[in-house]
$ cat input_10.pdb   # PDB, C-alpha atoms
ATOM      1  CA  MET A   1      -1.435  -1.162  -1.613
ATOM      2  CA  ALA A   2      -1.435   2.052   0.401
ATOM      3  CA  MET A   3       0.590   0.945   3.413
ATOM      4  CA  HIS A   4       3.500  -0.503   1.430
ATOM      5  CA  GLN A   5       4.107   2.626  -0.635
ATOM      6  CA  ASN A   6       7.100   3.317   1.616
ATOM      7  CA  GLY A   7       9.214   1.391  -0.879
ATOM      8  CA  LEU A   8       7.831   3.289  -3.858
ATOM      9  CA  VAL A   9       6.180   6.725  -3.939
ATOM     10  CA  LEU A  10       7.357   7.698  -0.447
ATOM     11  CA  THR A  11      10.932   7.004  -1.557
ATOM     12  CA  LEU A  12      10.326   8.961  -4.759
ATOM     13  CA  PHE A  13       8.964  11.789  -2.605
ATOM     14  CA  ALA A  14      12.126  11.634  -0.484
ATOM     15  CA  ARG A  15      14.282  11.754  -3.621
ATOM     16  CA  ASP A  16      12.516  14.562  -5.476
ATOM     17  CA  TYR A  17      10.887  16.742  -2.815
ATOM     18  CA  THR A  18      12.716  16.300   0.511
ATOM     19  CA  ALA A  19      15.816  18.248   1.535
ATOM     20  CA  LYS A  20      19.078  16.633   0.428
ATOM     21  CA  HIS A  21      21.157  18.259   3.156
ATOM     22  CA  VAL A  22      20.401  18.475   6.876
ATOM     23  CA  GLY A  23      21.914  20.110   9.939
ATOM     24  CA  PRO A  24      24.045  18.349  12.592
ATOM     25  CA  PHE A  25      21.133  17.391  14.863
ATOM     26  CA  THR A  26      18.911  15.989  12.104
ATOM     27  CA  ASN A  27      21.902  14.102  10.716
ATOM     28  CA  LEU A  28      21.821  11.960  13.884
ATOM     29  CA  PHE A  29      18.950  10.008  12.310
ATOM     30  CA  PHE A  30      20.657   9.352   8.981
ATOM     31  CA  THR A  31      23.910   7.537   9.823
ATOM     32  CA  LEU A  32      24.100   4.130  11.470
ATOM     33  CA  PRO A  33      26.527   4.975  14.325
ATOM     34  CA  SER A  34      24.639   8.123  15.348
ATOM     35  CA  MET A  35      21.302   6.331  15.014
ATOM     36  CA  LEU A  36      22.576   3.659  17.411
ATOM     37  CA  ALA A  37      23.457   6.446  19.853
ATOM     38  CA  VAL A  38      19.890   7.761  19.662
ATOM     39  CA  ILE A  39      18.491   4.248  20.176
ATOM     40  CA  GLY A  40      20.815   3.762  23.150
ATOM     41  CA  ALA A  41      19.660   7.021  24.718
ATOM     42  CA  VAL A  42      16.004   6.062  24.335
ATOM     43  CA  ALA A  43      16.640   2.570  25.730
ATOM     44  CA  GLY A  44      18.584   3.961  28.678
ATOM     45  CA  ALA A  45      15.839   6.449  29.494
ATOM     46  CA  ALA A  46      13.191   3.695  29.266
ATOM     47  CA  ILE A  47      15.140   1.497  31.685
ATOM     48  CA  LEU A  48      15.711   4.406  34.056
ATOM     49  CA  VAL A  49      12.018   5.288  34.390
ATOM     50  CA  ARG A  50      10.795   1.696  34.626
ATOM     51  CA  LYS A  51       9.086   1.262  37.984
ATOM     52  CA  LYS A  52       9.751  -2.454  38.479
ATOM     53  CA  ALA A  53      13.465  -2.247  37.615
ATOM     54  CA  THR A  54      15.972  -2.905  40.412
ATOM     55  CA  MET A  55      18.501  -0.258  41.421
ATOM     56  CA  THR A  56      21.242  -2.196  39.619
ATOM     57  CA  VAL A  57      19.234  -2.255  36.398
ATOM     58  CA  LYS A  58      18.412   1.447  36.756
ATOM     59  CA  ALA A  59      22.076   2.224  37.285
ATOM     60  CA  GLY A  60      22.859   0.347  34.074
ATOM     61  CA  GLY A  61      20.153   2.319  32.291
ATOM     62  CA  ALA A  62      21.555   5.591  33.586
ATOM     63  CA  LEU A  63      25.041   4.620  32.429
ATOM     64  CA  LEU A  64      23.706   3.692  28.987
ATOM     65  CA  LEU A  65      21.821   6.992  28.777
ATOM     66  CA  VAL A  66      24.878   9.071  29.680
ATOM     67  CA  ALA A  67      27.145   7.158  27.284
ATOM     68  CA  ALA A  68      24.631   7.403  24.422
ATOM     69  CA  LEU A  69      24.078  11.143  24.977
ATOM     70  CA  ALA A  70      27.837  11.700  25.048
ATOM     71  CA  ALA A  71      28.197   9.785  21.780
ATOM     72  CA  ALA A  72      25.351  11.768  20.213
ATOM     73  CA  TRP A  73      26.975  15.034  21.299
ATOM     74  CA  LEU A  74      30.264  13.948  19.693
ATOM     75  CA  PHE A  75      28.486  13.119  16.437
ATOM     76  CA  ILE A  76      26.826  16.553  16.436
ATOM     77  CA  ALA A  77      30.081  18.317  17.281
ATOM     78  CA  HIS A  78      31.950  16.620  14.439
ATOM     79  CA  SER A  79      29.210  17.033  11.828
ATOM     80  CA  GLY A  80      29.262  19.766   9.247
ATOM     81  CA  THR A  81      26.708  22.533   9.063
ATOM     82  CA  GLN A  82      25.122  20.769   6.081
ATOM     83  CA  ASN A  83      25.244  16.984   5.674
ATOM     84  CA  ALA A  84      24.125  15.072   2.580
ATOM     85  CA  ILE A  85      21.484  12.372   3.061
ATOM     86  CA  GLU A  86      20.338   9.648   0.675
ATOM     87  CA  PRO A  87      16.588   9.134   0.013
ATOM     88  CA  GLU A  88      16.922   5.362   0.505
ATOM     89  CA  VAL A  89      17.779   5.915   4.178
ATOM     90  CA  PHE A  90      14.162   6.885   4.873
ATOM     91  CA  GLN A  91      13.165   3.241   4.369
ATOM     92  CA  SER A  92      15.175   2.320   7.469
ATOM     93  CA  PHE A  93      12.748   4.251   9.671
ATOM     94  CA  ASN A  94       9.988   1.656   9.254
ATOM     95  CA  PRO A  95      11.901  -1.312  10.747
ATOM     96  CA  LEU A  96      13.465   1.001  13.320
ATOM     97  CA  PHE A  97      10.066   2.242  14.466
ATOM     98  CA  ILE A  98       8.674  -1.310  14.502
ATOM     99  CA  VAL A  99      11.390  -2.381  16.951
ATOM    100  CA  ALA A 100      10.945   0.771  19.036
ATOM    101  CA  LEU A 101       7.134   0.832  19.117
ATOM    102  CA  THR A 102       6.139  -2.832  19.379
ATOM    103  CA  PHE A 103       6.482  -3.009  23.152
ATOM    104  CA  PRO A 104       4.821   0.384  23.831
ATOM    105  CA  VAL A 105       1.838  -0.576  21.654
ATOM    106  CA  ILE A 106       1.579  -3.988  23.338
ATOM    107  CA  GLY A 107       1.848  -2.229  26.699
ATOM    108  CA  LEU A 108      -0.946   0.138  25.707
ATOM    109  CA  PHE A 109      -3.218  -2.771  24.824
ATOM    110  CA  ALA A 110      -2.338  -4.527  28.112
ATOM    111  CA  TRP A 111      -3.153  -1.365  30.074
ATOM    112  CA  MET A 112      -6.456  -0.955  28.225
ATOM    113  CA  ASN A 113      -7.240  -4.621  28.909
ATOM    114  CA  LYS A 114      -6.750  -4.095  32.652
ATOM    115  CA  LYS A 115      -9.082  -1.103  32.506
ATOM    116  CA  GLY A 116     -11.632  -3.115  30.532
ATOM    117  CA  ILE A 117     -11.511  -0.747  27.571
ATOM    118  CA  GLU A 118      -9.362  -2.722  25.130
ATOM    119  CA  PRO A 119     -10.980  -2.682  21.661
ATOM    120  CA  SER A 120     -11.691  -5.930  19.865
ATOM    121  CA  THR A 121      -9.310  -7.155  17.165
ATOM    122  CA  PRO A 122     -11.610  -6.000  14.313
ATOM    123  CA  ARG A 123     -11.795  -2.529  15.890
ATOM    124  CA  LYS A 124      -8.011  -2.406  16.111
ATOM    125  CA  ILE A 125      -7.827  -3.267  12.403
ATOM    126  CA  GLY A 126     -10.369  -0.552  11.565
ATOM    127  CA  ALA A 127      -8.451   1.934  13.705
ATOM    128  CA  GLY A 128      -5.262   0.904  11.898
ATOM    129  CA  MET A 129      -6.780   1.927   8.569
ATOM    130  CA  ILE A 130      -7.739   5.333   9.990
ATOM    131  CA  ILE A 131      -4.222   5.781  11.398
ATOM    132  CA  THR A 132      -2.822   4.906   7.948
ATOM    133  CA  ALA A 133      -4.948   7.668   6.440
ATOM    134  CA  ILE A 134      -3.539  10.099   9.011
ATOM    135  CA  GLY A 135      -0.007   9.043   8.031
ATOM    136  CA  PHE A 136      -0.655  10.025   4.421
ATOM    137  CA  ALA A 137      -2.379  13.242   5.542
ATOM    138  CA  VAL A 138       0.913  14.275   7.155
ATOM    139  CA  VAL A 139       2.720  14.273   3.783
ATOM    140  CA  LEU A 140      -0.336  15.770   2.088
ATOM    141  CA  ILE A 141       0.054  19.015   4.064
ATOM    142  CA  PRO A 142       3.493  20.047   2.717
ATOM    143  CA  SER A 143       2.629  18.690  -0.761
ATOM    144  CA  VAL A 144      -0.006  21.356  -1.363
ATOM    145  CA  GLY A 145       1.498  23.913  -3.723
ATOM    146  CA  LEU A 146       4.448  21.786  -4.813
ATOM    147  CA  PRO A 147       4.779  21.156  -8.570
ATOM    148  CA  SER A 148       3.661  17.752  -9.831
ATOM    149  CA  PRO A 149       6.311  15.191 -10.824
ATOM    150  CA  SER A 150       5.099  15.306 -14.440
ATOM    151  CA  SER A 151       5.587  19.095 -14.594
ATOM    152  CA  LEU A 152       9.192  18.726 -13.437
ATOM    153  CA  ALA A 153       9.901  16.486 -16.448
ATOM    154  CA  GLY A 154      12.951  14.998 -14.770
ATOM    155  CA  SER A 155      14.358  18.343 -13.643
ATOM    156  CA  PRO A 156      15.377  18.513  -9.963
ATOM    157  CA  LEU A 157      13.294  20.626  -7.623
ATOM    158  CA  PRO A 158      15.201  23.695  -6.366
ATOM    159  CA  ASP A 159      16.590  23.241  -2.858
ATOM    160  CA  THR A 160      14.634  26.270  -1.659
ATOM    161  CA  MET A 161      11.358  24.448  -2.379
ATOM    162  CA  ARG A 162      12.295  21.131  -0.781
ATOM    163  CA  ILE A 163      10.606  20.266   2.512
ATOM    164  CA  THR A 164      12.177  19.298   5.831
ATOM    165  CA  PRO A 165      12.743  15.540   6.370
ATOM    166  CA  TYR A 166      10.636  15.650   9.534
ATOM    167  CA  TRP A 167       7.422  15.566   7.498
ATOM    168  CA  LEU A 168       8.366  12.232   5.960
ATOM    169  CA  MET A 169       9.827  10.895   9.211
ATOM    170  CA  SER A 170       6.554  11.700  10.981
ATOM    171  CA  SER A 171       4.597   9.964   8.246
ATOM    172  CA  TYR A 172       6.746   6.833   8.608
ATOM    173  CA  LEU A 173       6.198   6.916  12.374
ATOM    174  CA  ILE A 174       2.402   7.052  12.030
ATOM    175  CA  LEU A 175       2.346   4.418   9.273
ATOM    176  CA  THR A 176       4.405   2.093  11.483
ATOM    177  CA  VAL A 177       1.908   2.465  14.330
ATOM    178  CA  ALA A 178      -0.835   1.639  11.825
ATOM    179  CA  GLU A 179       1.102  -1.439  10.693
ATOM    180  CA  LEU A 180       1.252  -2.672  14.302
ATOM    181  CA  PHE A 181      -2.539  -2.305  14.451
ATOM    182  CA  LEU A 182      -3.002  -4.194  11.183
ATOM    183  CA  SER A 183      -0.509  -6.893  10.253
ATOM    184  CA  PRO A 184      -0.284  -8.970  13.470
ATOM    185  CA  MET A 185      -3.931  -8.293  14.323
ATOM    186  CA  GLY A 186      -5.181  -9.481  10.941
ATOM    187  CA  LEU A 187      -3.369 -12.796  11.067
ATOM    188  CA  SER A 188      -4.459 -13.282  14.685
ATOM    189  CA  PHE A 189      -8.087 -12.589  13.758
ATOM    190  CA  VAL A 190      -7.965 -15.096  10.886
ATOM    191  CA  SER A 191      -6.601 -17.728  13.283
ATOM    192  CA  LYS A 192      -9.432 -17.054  15.746
ATOM    193  CA  VAL A 193     -12.383 -17.199  13.393
ATOM    194  CA  ALA A 194     -11.304 -19.773  10.770
ATOM    195  CA  PRO A 195     -12.658 -23.330  11.229
ATOM    196  CA  SER A 196      -9.886 -25.623  12.438
ATOM    197  CA  ARG A 197      -9.832 -27.656   9.207
ATOM    198  CA  PHE A 198      -9.403 -24.479   7.155
ATOM    199  CA  GLN A 199      -6.780 -22.762   9.351
ATOM    200  CA  GLY A 200      -3.911 -23.159   6.897
ATOM    201  CA  MET A 201      -6.004 -22.192   3.895
ATOM    202  CA  MET A 202      -7.436 -19.071   5.563
ATOM    203  CA  GLN A 203      -4.023 -17.891   6.751
ATOM    204  CA  ALA A 204      -2.760 -18.399   3.214
ATOM    205  CA  GLY A 205      -5.712 -16.293   2.071
ATOM    206  CA  TRP A 206      -4.615 -13.465   4.369
ATOM    207  CA  LEU A 207      -1.090 -13.646   2.956
ATOM    208  CA  LEU A 208      -2.526 -13.781  -0.574
ATOM    209  CA  ALA A 209      -4.478 -10.581   0.128
ATOM    210  CA  THR A 210      -1.256  -8.933   1.303
ATOM    211  CA  ALA A 211       0.547 -10.144  -1.811
ATOM    212  CA  THR A 212      -2.260  -8.754  -3.976
ATOM    213  CA  GLY A 213      -1.850  -5.369  -2.296
ATOM    214  CA  ASN A 214       1.871  -5.477  -3.019
ATOM    215  CA  LYS A 215       1.133  -6.390  -6.627
ATOM    216  CA  LEU A 216      -1.004  -3.241  -6.900
ATOM    217  CA  LEU A 217       1.858  -0.974  -5.851
ATOM    218  CA  PHE A 218       2.193   0.073  -9.490
ATOM    219  CA  VAL A 219      -0.913   2.225  -8.954
ATOM    220  CA  GLY A 220       1.347   4.592  -7.023
ATOM    221  CA  THR A 221       3.685   5.112  -9.978
ATOM    222  CA  ARG A 222       0.752   5.615 -12.342
ATOM    223  CA  LEU A 223      -0.556   8.356 -10.050
ATOM    224  CA  TRP A 224       2.937   9.779  -9.602
ATOM    225  CA  ASP A 225       3.280  10.333 -13.336
ATOM    226  CA  SER A 226      -0.213  11.687 -13.990
ATOM    227  CA  VAL A 227      -1.659  13.782 -11.112
ATOM    228  CA  ASP A 228      -0.602  16.415  -8.592
ATOM    229  CA  LEU A 229       1.053  15.250  -5.393
ATOM    230  CA  TRP A 230      -1.846  16.227  -3.147
ATOM    231  CA  GLN A 231      -4.266  14.350  -5.414
ATOM    232  CA  MET A 232      -2.160  11.193  -5.167
ATOM    233  CA  TRP A 233      -2.144  11.354  -1.359
ATOM    234  CA  ILE A 234      -5.920  11.916  -1.412
ATOM    235  CA  VAL A 235      -6.333   8.652  -3.353
ATOM    236  CA  PHE A 236      -4.394   6.711  -0.704
ATOM    237  CA  ILE A 237      -6.249   8.449   2.121
ATOM    238  CA  GLY A 238      -9.563   7.655   0.434
ATOM    239  CA  CYS A 239      -8.641   3.975   0.015
ATOM    240  CA  CYS A 240      -7.789   3.697   3.714
ATOM    241  CA  LEU A 241     -10.920   5.498   4.885
ATOM    242  CA  LEU A 242     -13.148   3.410   2.608
ATOM    243  CA  SER A 243     -11.540   0.261   4.012
ATOM    244  CA  ALA A 244     -12.127   1.498   7.557
ATOM    245  CA  LEU A 245     -15.742   2.354   6.701
ATOM    246  CA  PHE A 246     -16.308  -1.145   5.337
ATOM    247  CA  ILE A 247     -14.761  -2.757   8.418
ATOM    248  CA  PHE A 248     -16.864  -0.713  10.822
ATOM    249  CA  SER A 249     -20.012  -1.327   8.749
ATOM    250  CA  ILE A 250     -19.729  -5.089   9.449
ATOM    251  CA  MET A 251     -18.210  -4.702  12.914
ATOM    252  CA  LYS A 252     -20.973  -6.543  14.781
ATOM    253  CA  ARG A 253     -20.674  -9.523  12.470
ATOM    254  CA  LEU A 254     -16.892  -9.596  12.875
ATOM    255  CA  GLU A 255     -17.047  -9.328  16.647
ATOM    256  CA  ASN A 256     -19.717 -12.024  16.876
ATOM    257  CA  ALA A 257     -17.428 -14.356  14.938
ATOM    258  CA  THR A 258     -14.789 -14.097  17.674
ATOM    259  CA  ARG A 259     -17.173 -15.120  20.475
TER     260      ARG A 259
END
$ encode --input "input_10.pdb" --output "structure tokens"
Amino acid sequence: MAMHQNGLVLTLFARDYTAKHVGPFTNLFFTLPSMLAVIGAVAGAAILVRKKATMTVKAGGALLLVAALAAAWLFIAHSGTQNAIEPEVFQSFNPLFIVALTFPVIGLFAWMNKKGIEPSTPRKIGAGMIITAIGFAVVLIPSVGLPSPSSLAGSPLPDTMRITPYWLMSSYLILTVAELFLSPMGLSFVSKVAPSRFQGMMQAGWLLATATGNKLLFVGTRLWDSVDLWQMWIVFIGCCLLSALFIFSIMKRLENATR
């Protein structure tokens, strides 16, 4: 319920409380061609610094980096001082971050495994809930002092009171990391601990739990229409922390089930 609010209250927050116009640099992240230039620059830099890459591959990475930076510079040079952005574009950050962060997160777990410090799957899930709470705490900070949606009564918030998009972008980044700790880990854990004859049923149960959470998304709109912004974020943070507390309270039992 909390994690999938990116398609609901986080989009409403982008529409009603986040700046509608951004400068040339920030606009790089809000149009497809310029976003591809940013992705290309990151990919080129990653290839260039990779230790095991051959000189030919590194040369290709360097070429990609230079070309992507040149394209990004052209986009900035030809952008206006203020560029309109649509609130729906913020939803693209989640899949973008998933593609960008999957391999680094997997690499982190592989490195921790080599060092003998990789946490168990249940601990990763518990950590994912804490990271989710941090993601909502990021948007809680600028929400303090902003008028509630109900007090606006449909009137637009003045541009001078709207917050920078980087708050919401940072929240999406943290929530995506949390998703990588939760979604694949949960299904993997179910596969490990379920008796072989109940594998299909238990995996369906995991998906049913996810569907139930999605069904409860309406809680976000109820809160949106009835409480202050910071109070709504506190509810989501509390749900995540309570979930993490429950997971860690039965951690030994969960870890014993995987042995």
$ closest_atom_pairs --input "input_10.pdb" --of "region 222-248 of chain A" --to "region 127-150 of chain A" --cutoff "7 Å" --atoms "all atoms listed in the file" --output "Markdown table"
| residue | atom | partner | partner_atom | distance |
| --- | --- | --- | --- | --- |
| A:Trp224 | CA | A:Pro149 | CA | 6.5 |
| A:Asp225 | CA | A:Ser150 | CA | 5.4 |
| A:Ser226 | CA | A:Ser150 | CA | 6.4 |
| A:Val227 | CA | A:Ser148 | CA | 6.8 |
| A:Asp228 | CA | A:Ser148 | CA | 4.6 |
| A:Leu229 | CA | A:Ser148 | CA | 5.7 |
| A:Trp230 | CA | A:Leu140 | CA | 5.5 |
| A:Trp233 | CA | A:Leu140 | CA | 5.9 |
| A:Ile237 | CA | A:Ala133 | CA | 4.6 |
| A:Cys240 | CA | A:Met129 | CA | 5.3 |
| A:Leu241 | CA | A:Ile130 | CA | 6.0 |
| A:Ser243 | CA | A:Met129 | CA | 6.8 |
| A:Ala244 | CA | A:Met129 | CA | 5.5 |
$ write_last_selection --input "input_10.pdb" --atoms "C-alpha atoms" --output "tab-separated table (two decimals), in the frame of the given file"
chain	number	residue	atom	x	y	z
A	224	TRP	CA	2.94	9.78	-9.60
A	225	ASP	CA	3.28	10.33	-13.34
A	226	SER	CA	-0.21	11.69	-13.99
A	227	VAL	CA	-1.66	13.78	-11.11
A	228	ASP	CA	-0.60	16.42	-8.59
A	229	LEU	CA	1.05	15.25	-5.39
A	230	TRP	CA	-1.85	16.23	-3.15
A	233	TRP	CA	-2.14	11.35	-1.36
A	237	ILE	CA	-6.25	8.45	2.12
A	240	CYS	CA	-7.79	3.70	3.71
A	241	LEU	CA	-10.92	5.50	4.88
A	243	SER	CA	-11.54	0.26	4.01
A	244	ALA	CA	-12.13	1.50	7.56
$ residues_around --input "input_10.pdb" --residues "region 104-111 of chain A" --least-positions-apart "4" --cutoff "9 Å" --atoms "all atoms listed in the file" --output "number ranges by chain"
A: 100, 115-119, 177, 180-181
$ write_last_selection --input "input_10.pdb" --atoms "C-alpha atoms" --output "CSV table (one decimal), keeping the file's coordinate frame"
chain,number,residue,atom,x,y,z
A,100,ALA,CA,10.9,0.8,19.0
A,115,LYS,CA,-9.1,-1.1,32.5
A,116,GLY,CA,-11.6,-3.1,30.5
A,117,ILE,CA,-11.5,-0.7,27.6
A,118,GLU,CA,-9.4,-2.7,25.1
A,119,PRO,CA,-11.0,-2.7,21.7
A,177,VAL,CA,1.9,2.5,14.3
A,180,LEU,CA,1.3,-2.7,14.3
A,181,PHE,CA,-2.5,-2.3,14.5
$ atom_distance --input "input_10.pdb" --atom1 "CA of Leu74 (chain A)" --atom2 "CA of Thr164 (chain A)"
23.4 Å
$ atom_distance --input "input_10.pdb" --atom1 "CA of Pro165 (chain A)" --atom2 "CA of Gly213 (chain A)"
26.9 Å
$ resolve_selection --input "input_10.pdb" --expression "the PyMOL selection byres ((chain A and resi 89) around 12)" --output "list of chain:residue names"
A:Asn6, A:Gly7, A:Leu10, A:Thr11, A:Ala14, A:Arg15, A:Lys20, A:Asn27, A:Phe29, A:Phe30, A:Thr31, A:Leu32, A:Met35, A:Ala84, A:Ile85, A:Glu86, A:Pro87, A:Glu88, A:Phe90, A:Gln91, A:Ser92, A:Phe93, A:Asn94, A:Pro95, A:Leu96, A:Pro165, A:Leu168, A:Met169, A:Tyr172
$ atom_distance --input "input_10.pdb" --atom1 "CA of Ile250 (chain A)" --atom2 "CA of Leu187 (chain A)"
18.2 Å
$ axis_aligned_box --input "input_10.pdb" --around "region 35-41 of chain A" --padding-each-side "4 Å" --output "JSON"
{"center_x": 21.0, "center_y": 5.7, "center_z": 19.9, "size_x": 13.0, "size_y": 12.1, "size_z": 17.7}
$ residues_around --input "input_10.pdb" --residues "Asn83 (chain A)" --least-positions-apart "2" --cutoff "9 Å" --atoms "only C-alpha atoms" --output "MDAnalysis selection string"
chainID A and resid 20:24 27 79:81 85
$ closest_residue --input "input_10.pdb" --among "A:Gly44, A:Pro33, A:Gly126, A:Gly220" --to "Ser249 (chain A)" --atoms "all atoms listed in the file"
A:Gly126
$ closest_residue --input "input_10.pdb" --among "A:Lys252, A:Lys215, A:Leu242, A:Pro122" --to "Met1 (chain A)" --atoms "only C-alpha atoms"
A:Lys215
$ resolve_selection --input "input_10.pdb" --expression "the PyMOL selection byres ((chain A and resi 257) around 10)" --output "list of chain:residue names"
A:Phe189, A:Lys192, A:Val193, A:Ala194, A:Met251, A:Lys252, A:Arg253, A:Leu254, A:Glu255, A:Asn256, A:Thr258, A:Arg259
$ residues_near_point --input "input_10.pdb" --point "(3.6, 1.2, -7.3)" --cutoff "9 Å" --atoms "all atoms listed in the file" --output "PDB file with C-alpha atoms, in the coordinates of the input"
ATOM      1  CA  MET A   1      -1.435  -1.162  -1.613  1.00  0.00           C
ATOM      2  CA  HIS A   4       3.500  -0.503   1.430  1.00  0.00           C
ATOM      3  CA  GLN A   5       4.107   2.626  -0.635  1.00  0.00           C
ATOM      4  CA  GLY A   7       9.214   1.391  -0.879  1.00  0.00           C
ATOM      5  CA  LEU A   8       7.831   3.289  -3.858  1.00  0.00           C
ATOM      6  CA  VAL A   9       6.180   6.725  -3.939  1.00  0.00           C
ATOM      7  CA  ASN A 214       1.871  -5.477  -3.019  1.00  0.00           C
ATOM      8  CA  LYS A 215       1.133  -6.390  -6.627  1.00  0.00           C
ATOM      9  CA  LEU A 216      -1.004  -3.241  -6.900  1.00  0.00           C
ATOM     10  CA  LEU A 217       1.858  -0.974  -5.851  1.00  0.00           C
ATOM     11  CA  PHE A 218       2.193   0.073  -9.490  1.00  0.00           C
ATOM     12  CA  VAL A 219      -0.913   2.225  -8.954  1.00  0.00           C
ATOM     13  CA  GLY A 220       1.347   4.592  -7.023  1.00  0.00           C
ATOM     14  CA  THR A 221       3.685   5.112  -9.978  1.00  0.00           C
ATOM     15  CA  ARG A 222       0.752   5.615 -12.342  1.00  0.00           C
ATOM     16  CA  LEU A 223      -0.556   8.356 -10.050  1.00  0.00           C
ATOM     17  CA  TRP A 224       2.937   9.779  -9.602  1.00  0.00           C
TER      18      TRP A 224
END
$ closest_residue --input "input_10.pdb" --among "A:Val49, A:Val190, A:Ile76, A:Leu152" --to "Asp16 (chain A)" --atoms "only C-alpha atoms"
A:Leu152
$ resolve_selection --input "input_10.pdb" --expression "the PyMOL selection byres ((chain A and resi 62-72) around 9)" --output "list in words"
Phe25, Leu28, Ser34, Met35, Leu36, Ala37, Val38, Ile39, Gly40, Ala41, Val42, Ala43, Gly44, Ala45, Ile47, Leu48, Val57, Lys58, Ala59, Gly60, Gly61, Trp73, Leu74, Phe75, Ile76 and Ala77 of chain A
